[in-house]
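Source file: model24.txt. Holds: compact mmCIF, C-alpha atoms.
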# COMPACT_ATOMS: atom_id res chain seq x y z
CA MET N 1 94.44 56.81 75.40
CA SER N 2 91.64 55.28 77.42
CA SER N 3 88.22 54.22 76.12
CA ILE N 4 85.93 57.01 75.04
CA ASN N 5 82.17 57.46 74.67
CA TRP N 6 80.33 58.18 71.42
CA ASP N 7 79.86 61.93 72.00
CA SER N 8 83.42 62.59 73.20
CA ALA N 9 84.84 60.99 70.04
CA PHE N 10 83.32 63.89 68.08
CA ILE N 11 85.10 66.60 70.09
CA ASP N 12 88.51 64.89 70.03
CA VAL N 13 90.61 66.18 67.14
CA ASN N 14 92.61 62.95 66.70
CA TYR N 15 89.45 60.82 66.54
CA LEU N 16 87.91 63.29 64.07
CA ARG N 17 90.98 63.19 61.80
CA VAL N 18 90.84 59.40 61.69
CA MET N 19 87.09 59.42 60.99
CA TYR N 20 87.45 62.00 58.21
CA TYR N 21 90.24 59.95 56.64
CA LEU N 22 88.11 56.80 56.77
CA ALA N 23 85.14 58.70 55.30
CA LYS N 24 87.20 60.06 52.43
CA TYR N 25 89.18 56.96 51.57
CA ASN N 26 86.45 54.40 52.48
CA PRO N 27 86.47 51.42 52.51
CA SER N 28 89.10 49.14 54.10
CA ILE N 29 91.94 51.31 55.38
CA GLU N 30 94.89 49.98 57.36
CA ALA N 31 95.97 51.78 60.56
CA ILE N 32 99.51 52.21 59.22
CA ARG N 33 98.27 54.26 56.25
CA ILE N 34 96.50 56.73 58.54
CA ALA N 35 99.52 56.89 60.87
CA LYS N 36 101.81 57.76 57.95
CA LYS N 37 99.42 60.36 56.58
CA PHE N 38 99.03 62.22 59.88
CA ASP N 39 102.52 61.53 61.26
CA MET N 40 101.01 59.75 64.25
CA LYS N 41 102.30 56.72 66.15
CA PRO N 42 100.81 53.52 64.61
CA ASN N 43 99.90 52.30 68.11
CA ASP N 44 97.91 55.46 68.83
CA VAL N 45 96.00 55.12 65.55
CA GLN N 46 95.36 51.44 66.30
CA LYS N 47 93.93 52.36 69.72
CA ILE N 48 91.67 55.02 68.18
CA LEU N 49 90.44 52.53 65.58
CA LYS N 50 89.81 49.86 68.23
CA ASN N 51 87.79 52.37 70.30
CA LEU N 52 85.83 53.41 67.21
CA GLU N 53 85.15 49.75 66.53
CA ASN N 54 83.91 49.21 70.12
CA LEU N 55 81.58 52.16 69.69
CA LYS N 56 80.39 50.69 66.35
CA ILE N 57 81.48 53.87 64.56
CA ALA N 58 83.93 51.76 62.51
CA GLU N 59 84.15 48.08 61.63
CA GLU N 60 87.20 45.91 61.08
CA LYS N 61 87.84 43.20 58.50
CA ASN N 62 91.32 41.67 58.05
CA ASP N 63 92.97 44.54 59.95
CA ARG N 64 91.35 47.08 57.65
CA TYR N 65 88.81 49.60 58.89
CA THR N 66 85.66 51.11 57.38
CA LEU N 67 83.20 53.59 58.89
CA THR N 68 79.79 52.09 59.62
CA ASP N 69 76.70 53.82 58.20
CA LYS N 70 75.90 55.25 61.64
CA GLY N 71 79.52 56.42 61.99
CA LEU N 72 79.47 58.07 58.59
CA MET N 73 76.13 59.82 59.26
CA SER N 74 77.30 61.02 62.68
CA LEU N 75 80.40 62.51 61.06
CA TYR N 76 78.12 64.10 58.46
CA ASN N 77 76.15 65.72 61.32
CA PHE N 78 79.38 67.00 62.85
CA HIS N 79 80.57 68.27 59.47
CA VAL N 80 77.32 70.06 58.63
CA ASN N 81 76.86 71.61 62.09
CA PHE N 82 80.42 72.55 63.02
CA ASN N 83 82.95 72.16 60.23
CA LYS N 84 81.26 73.16 56.97
CA MET R 1 73.26 54.41 52.47
CA ASN R 2 73.00 57.66 50.65
CA LYS R 3 75.47 58.06 47.78
CA GLU R 4 75.48 61.85 48.16
CA VAL R 5 76.93 61.64 51.70
CA LYS R 6 79.70 59.30 50.55
CA ALA R 7 80.44 61.54 47.56
CA LEU R 8 80.63 64.63 49.79
CA PHE R 9 83.44 63.11 51.87
CA ARG R 10 85.19 61.61 48.85
CA LYS R 11 85.41 65.05 47.24
CA LEU R 12 86.53 66.79 50.44
CA PRO R 13 90.10 68.10 50.12
CA ASP R 14 92.47 66.87 52.84
CA LYS R 15 93.04 70.41 54.14
CA ARG R 16 89.38 70.49 55.23
CA PHE R 17 90.24 68.06 58.02
CA ALA R 18 93.64 69.43 58.92
CA ILE R 19 94.35 69.57 62.65
CA THR R 20 94.17 73.40 62.90
CA ARG R 21 90.82 73.51 61.11
CA LEU R 22 89.38 70.75 63.31
CA GLU R 23 90.65 72.48 66.45
CA LYS R 24 88.79 75.60 65.33
CA ALA R 25 85.62 73.60 64.64
CA VAL R 26 85.73 71.85 68.00
CA LYS R 27 86.62 74.96 70.04
CA PRO R 28 83.12 76.46 70.32
CA ILE R 29 81.70 73.08 71.39
CA GLU R 30 81.77 73.46 75.14
CA SER R 31 80.99 69.85 75.95
CA ALA R 32 80.35 66.54 74.26
CA GLU R 33 76.69 66.98 75.19
CA GLN R 34 76.34 69.86 72.75
CA PHE R 35 77.09 67.50 69.85
CA ARG R 36 74.89 64.76 71.33
CA ARG R 37 71.62 66.57 70.55
CA LYS R 38 72.74 67.28 66.98
CA ASN R 39 73.63 63.68 66.25
CA TYR R 40 70.57 62.35 64.43
CA GLY R 41 72.84 59.75 62.80
CA LYS R 42 73.36 57.62 65.92
CA TYR R 43 70.20 55.50 65.46
CA ALA R 44 69.21 53.62 62.31
CA VAL R 45 65.73 54.31 60.92
CA LEU R 46 63.97 51.86 58.62
CA ILE R 47 61.03 53.01 56.47
CA CYS R 48 58.52 50.32 55.45
CA GLY R 49 55.67 50.98 53.04
CA ASP R 50 54.11 50.02 49.69
CA HIS R 51 56.54 50.05 46.76
CA LYS R 52 53.96 50.18 44.02
CA GLY R 53 51.03 52.12 45.50
CA LYS R 54 49.42 55.15 43.88
CA SER R 55 50.78 57.68 46.38
CA ILE R 56 52.96 55.54 48.65
CA ASN R 57 55.53 53.95 46.35
CA LEU R 58 59.25 53.43 45.93
CA LYS R 59 59.69 56.97 44.54
CA PHE R 60 58.02 58.48 47.61
CA LEU R 61 59.98 56.26 50.03
CA ARG R 62 63.31 57.09 48.33
CA ARG R 63 62.50 60.84 48.39
CA LEU R 64 61.66 60.64 52.11
CA GLN R 65 64.84 58.65 52.78
CA LYS R 66 66.93 61.23 50.91
CA LYS R 67 65.34 64.11 52.81
CA LEU R 68 65.87 62.44 56.20
CA THR R 69 69.47 61.65 55.30
CA LEU R 70 70.71 64.83 53.63
CA LYS R 71 68.60 67.46 55.36
CA TYR R 72 68.39 66.00 58.85
CA GLY R 73 71.43 63.71 59.04
CA VAL R 74 69.44 60.57 59.88
CA THR R 75 70.86 57.09 59.16
CA CYS R 76 67.94 55.93 57.07
CA TYR R 77 67.10 52.84 55.00
CA ILE R 78 64.04 51.53 53.25
CA GLY R 79 62.93 47.91 53.65
CA ARG R 80 64.33 46.88 50.25
CA ASP R 81 67.89 47.97 51.25
CA PHE R 82 67.73 45.77 54.33
CA ILE R 83 66.49 42.74 52.40
CA ARG R 84 69.27 43.22 49.81
CA ARG R 85 71.88 43.45 52.58
CA VAL R 86 70.67 40.16 54.08
CA GLY R 87 70.73 38.63 50.60
CA LYS R 88 67.80 36.35 51.40
CA ALA R 89 64.10 37.05 51.50
CA ARG R 90 63.01 34.44 54.05
CA HIS R 91 60.81 35.95 56.75
CA LYS R 92 63.09 34.76 59.54
CA ASP R 93 66.12 36.43 57.92
CA ILE R 94 64.22 39.66 57.34
CA GLN R 95 62.93 39.70 60.90
CA LYS R 96 66.45 39.06 62.23
CA ALA R 97 67.88 41.87 60.08
CA TYR R 98 65.19 44.28 61.25
CA LEU R 99 65.78 43.30 64.87
CA GLU R 100 69.55 43.62 64.73
CA ASN R 101 69.98 46.66 62.52
CA ALA R 102 66.98 48.94 62.90
CA ASP R 103 66.59 51.11 65.98
CA ILE R 104 63.38 52.78 64.80
CA ILE R 105 60.87 51.40 62.28
CA ILE R 106 58.52 53.73 60.40
CA PHE R 107 55.62 51.62 59.18
CA ILE R 108 53.26 53.22 56.66
CA ASP R 109 50.02 51.33 56.29
CA GLY R 110 49.55 49.88 52.78
CA LYS R 111 47.70 47.37 50.64
CA SER R 112 50.42 45.39 48.85
CA THR R 113 51.26 41.80 49.87
CA GLY R 114 54.81 42.83 50.79
CA THR R 115 53.60 45.54 53.16
CA ASN R 116 51.02 43.18 54.71
CA ASN R 117 53.75 40.58 55.28
CA GLU R 118 55.99 43.21 56.82
CA SER R 119 53.12 44.34 59.03
CA ASN R 120 52.60 40.73 60.21
CA GLU R 121 56.31 40.26 60.92
CA ILE R 122 56.40 43.45 62.99
CA ARG R 123 53.21 42.75 64.93
CA ARG R 124 54.20 39.15 65.69
CA ASN R 125 57.44 40.25 67.32
CA LYS R 126 57.22 42.21 70.59
CA LYS R 127 60.66 43.81 70.21
CA LEU R 128 59.96 44.94 66.65
CA LYS R 129 56.55 46.27 67.59
CA LYS R 130 58.06 48.26 70.44
CA LYS R 131 60.33 50.20 68.13
CA THR R 132 57.71 50.85 65.44
CA ILE R 133 55.85 54.08 64.72
CA ALA R 134 52.81 53.12 62.61
CA PHE R 135 51.04 55.57 60.31
CA PHE R 136 47.59 55.10 58.79
CA LYS R 137 45.41 57.15 56.46
CA TYR R 138 41.89 58.48 57.06
CA LYS R 139 39.58 60.83 55.16
CA THR R 140 37.04 62.23 57.58
CA TYR R 141 36.77 62.63 61.36
CA SER R 142 33.84 60.23 61.51
CA GLU R 143 35.92 57.62 59.64
CA LEU R 144 38.81 58.21 62.08
CA ILE R 145 36.51 57.60 65.05
CA ARG R 146 35.26 54.33 63.50
CA ILE R 147 38.74 52.97 62.61
CA PRO R 148 39.52 51.34 66.01
CA ASP R 149 36.35 49.22 65.65
CA ASN R 150 36.94 48.29 62.01
CA GLU R 151 40.72 47.77 61.74
CA ASP R 152 41.79 45.05 64.17
CA TYR R 153 45.50 45.11 63.38
CA LEU R 154 45.89 48.84 64.16
CA SER R 155 44.90 48.26 67.78
CA GLU R 156 48.04 46.12 68.10
CA PHE R 157 50.15 49.30 67.90
CA LYS R 158 50.12 51.37 71.06
CA TYR R 159 49.95 54.82 69.46
CA PRO R 160 49.28 54.63 65.68
CA ILE R 161 49.49 58.04 64.00
CA PRO R 162 46.74 59.18 61.60
CA TYR R 163 47.34 61.31 58.48
CA ARG R 164 45.10 62.74 55.77
CA ASN R 165 47.43 63.57 52.88
CA MET R 166 51.01 63.06 51.70
CA GLN R 167 52.22 66.43 52.96
CA GLU R 168 50.94 65.65 56.43
CA LEU R 169 52.44 62.14 56.31
CA GLU R 170 55.89 63.48 55.37
CA ALA R 171 55.82 66.12 58.11
CA LYS R 172 54.66 63.60 60.71
CA VAL R 173 57.30 61.01 59.70
CA ILE R 174 60.05 63.64 60.02
CA PHE R 175 58.64 64.86 63.34
CA GLY R 176 58.28 61.30 64.69
CA THR R 177 61.78 60.30 63.61
CA LYS R 178 63.43 63.38 65.11
CA HIS R 179 61.38 63.09 68.29
CA VAL R 180 62.21 59.43 68.92
CA ILE R 181 65.93 59.92 68.16
CA LEU R 182 66.14 62.82 70.62
CA TYR R 183 64.18 60.77 73.14
CA LEU R 184 66.67 57.87 72.77
CA LEU R 185 69.69 60.23 72.96
CA ASP R 186 68.32 61.77 76.17
CA LYS R 187 67.48 58.37 77.62
CA ASP R 188 71.02 57.15 76.95
CA TYR R 189 72.49 60.34 78.48
CA ILE R 190 70.34 60.08 81.63
CA LYS R 191 71.25 56.39 82.00
CA ARG R 192 74.98 57.14 81.79
CA HIS R 193 74.75 60.00 84.27
CA LYS R 194 72.50 58.06 86.64
CA ASN R 195 75.15 55.35 86.89
CA LYS R 196 77.79 57.99 87.67
CA GLY R 197 75.46 59.49 90.31
CA LYS R 198 74.91 56.10 91.91
CA LYS R 199 78.65 55.58 92.27
CA GLY R 200 78.95 59.03 93.89
CA ASN R 201 76.16 58.38 96.37
CA PHE R 202 77.67 55.08 97.29
CA LYS R 203 81.02 56.68 98.08
CA TYR R 204 79.29 59.38 100.11
CA LEU R 205 77.24 56.87 102.09
CA LYS R 206 80.29 54.74 102.70
CA SER R 207 82.27 57.62 104.19
CA PHE R 208 79.20 58.77 106.14
CA LYS R 209 78.81 55.34 107.70
CA LEU R 210 82.50 55.21 108.59
CA ASN R 211 82.34 58.64 110.24
CA LYS R 212 79.21 57.68 112.15
CA GLY R 213 80.93 54.63 113.55
CA ARG R 214 83.77 56.65 115.04
Show me, as C-alpha cells, the structure contained in the file I just sent.
Amino acid sequence: MSSINWDSAFIDVNYLRVMYYLAKYNPSIEAIRIAKKFDMKPNDVQKILKNLENLKIAEEKNDRYTLTDKGLMSLYNFHVNFNK
Amino acid sequence: MNKEVKALFRKLPDKRFAITRLEKAVKPIESAEQFRRKNYGKYAVLICGDHKGKSINLKFLRRLQKKLTLKYGVTCYIGRDFIRRVGKARHKDIQKAYLENADIIIFIDGKSTGTNNESNEIRRNKKLKKKTIAFFKYKTYSELIRIPDNEDYLSEFKYPIPYRNMQELEAKVIFGTKHVILYLLDKDYIKRHKNKGKKGNFKYLKSFKLNKGR
C-alpha cells in the first residue's frame, strides 16, 4: 500500500471504511480495534492510518487516531454526494 | 465543528459503511477528480464579524456557519471557536492560530472593538490579508463611489466586496467561499499535474537527445 493523495483516498474502499469507523467512534481509536472490526491485517490498517495522518485527514495521539475537522467534513461531502 | 455532522456519523449504523455498500457508492465515480470538485471540506473557512451588532451578531454568524457546514459541506469556524481552541486571547496567539489553521478568512466589516482588532491583525499581516475576502456595507450608489476616498482601511484589501442588505451578504459570502475553494482545488490539481507533465517532458527530451547523438 503506497502513499495516496487526498482525492484517491475517497475512492478507495479500505480508506473509506477506516474513515467511516473513525467518524462513528471518534475520538481516539487504536488501529487494532479497526483491524479486528473489519477483519483486516493490523499492518494494513496502520499504513492506512499513517497515510491519512500524512494527508491531515486524521491525527494521532498516543497511537490513537481521530479524524481532523477537514477529514470529517470531506467524508461528510462524500457521504452526502455518493453514499446517502 | 458542527455537532450535527458528528451526530450524523455517530448514529450511522455499521451496515451503512459495509464493503459492498461502499463499493457500490464508489463505482459510479470514474476518477478521483470527480470527488475533488465536490469536496468543499478540504479548506478551512473562518468567519470574522461583530458578535453583538444589530444585524451582524453571533446569531447571524452561527446561522451562516451552520448553513455553510450542513448545506455546502464547508469546514467552517467563527473567530470565537478559534480563540477558544488556542485557549489564550493574546493577539500574537490569535494571529498564529489564524495563520496556521484558516485557509480562507471571511471578514465582515463591523464597529465593535473586537472586530476592529481583528481587522488590524489581518491587515498587518501580508499572509493573512492574502487569504481574506472582506465585505463592507453601503446604502446608495453615490455612497459606494465615495467609500474609497473616505475609508482608508478598505483600500488595504485588494478586492473588497460591497453589500446592501443581509440577504445579499449571505449570498455573497456563500458564493465567495465556494468560488475560492473551487479555485484552490483547481490550483492544487493543476500544480500536481504540471509536475507530472514536467517529468514526462524531461524523459522525452532525454531520449530525443540520446537519439540525436547517434
When you get a sec, could you note down which chain R residues fall within 10 Å of chain N, using all atoms listed in the file, as JSON, numbers by chain? {"R": [1, 2, 5, 6, 7, 8, 9, 10, 11, 12, 13, 14, 16, 17, 18, 19, 20, 21, 22, 23, 24, 25, 26, 27, 28, 29, 30, 31, 32, 33, 34, 35, 36, 37, 38, 39, 40, 41, 42, 43, 44, 69, 70, 71, 72, 73, 74, 75, 76, 189]}
Atom-to-atom span, CA of Leu52 in chain N and CA of Leu67 in chain N, Å: 8.7 Å
Measure the distance from CA of Gln46 in chain N to CA of Glu59 in chain N in Å and round it to one decimal.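 Atom-to-atom, CA of Gln46 in chain N and CA of Glu59 in chain N are spaced 12.6 Å apart.
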Computed interatomic separation between CA of Ala97 in chain R and CA of Ile133 in chain R (Å):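 About the pair CA of Ala97 in chain R and CA of Ile133 in chain R: they are 17.8 Å apart.
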Contacts of range 154-169 of chain R within 9 Å, all atoms listed in the file, excl. fewer than 2 positions in-chain, as a compact mmCIF listing (two decimals) with C-alpha atoms, in the frame of the given file:
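Written out: result38.txt:
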# COMPACT_ATOMS: atom_id res chain seq x y z
CA SER R 55 50.78 57.68 46.38
CA ILE R 56 52.96 55.54 48.65
CA ILE R 108 53.26 53.22 56.66
CA ARG R 123 53.21 42.75 64.93
CA LYS R 129 56.55 46.27 67.59
CA LYS R 130 58.06 48.26 70.44
CA THR R 132 57.71 50.85 65.44
CA ILE R 133 55.85 54.08 64.72
CA ALA R 134 52.81 53.12 62.61
CA PHE R 135 51.04 55.57 60.31
CA PHE R 136 47.59 55.10 58.79
CA LYS R 137 45.41 57.15 56.46
CA TYR R 138 41.89 58.48 57.06
CA LYS R 139 39.58 60.83 55.16
CA THR R 140 37.04 62.23 57.58
CA LEU R 144 38.81 58.21 62.08
CA ILE R 147 38.74 52.97 62.61
CA PRO R 148 39.52 51.34 66.01
CA ASP R 149 36.35 49.22 65.65
CA GLU R 151 40.72 47.77 61.74
CA ASP R 152 41.79 45.05 64.17
CA ALA R 171 55.82 66.12 58.11
CA LYS R 172 54.66 63.60 60.71
CA VAL R 173 57.30 61.01 59.70
CA ILE R 174 60.05 63.64 60.02
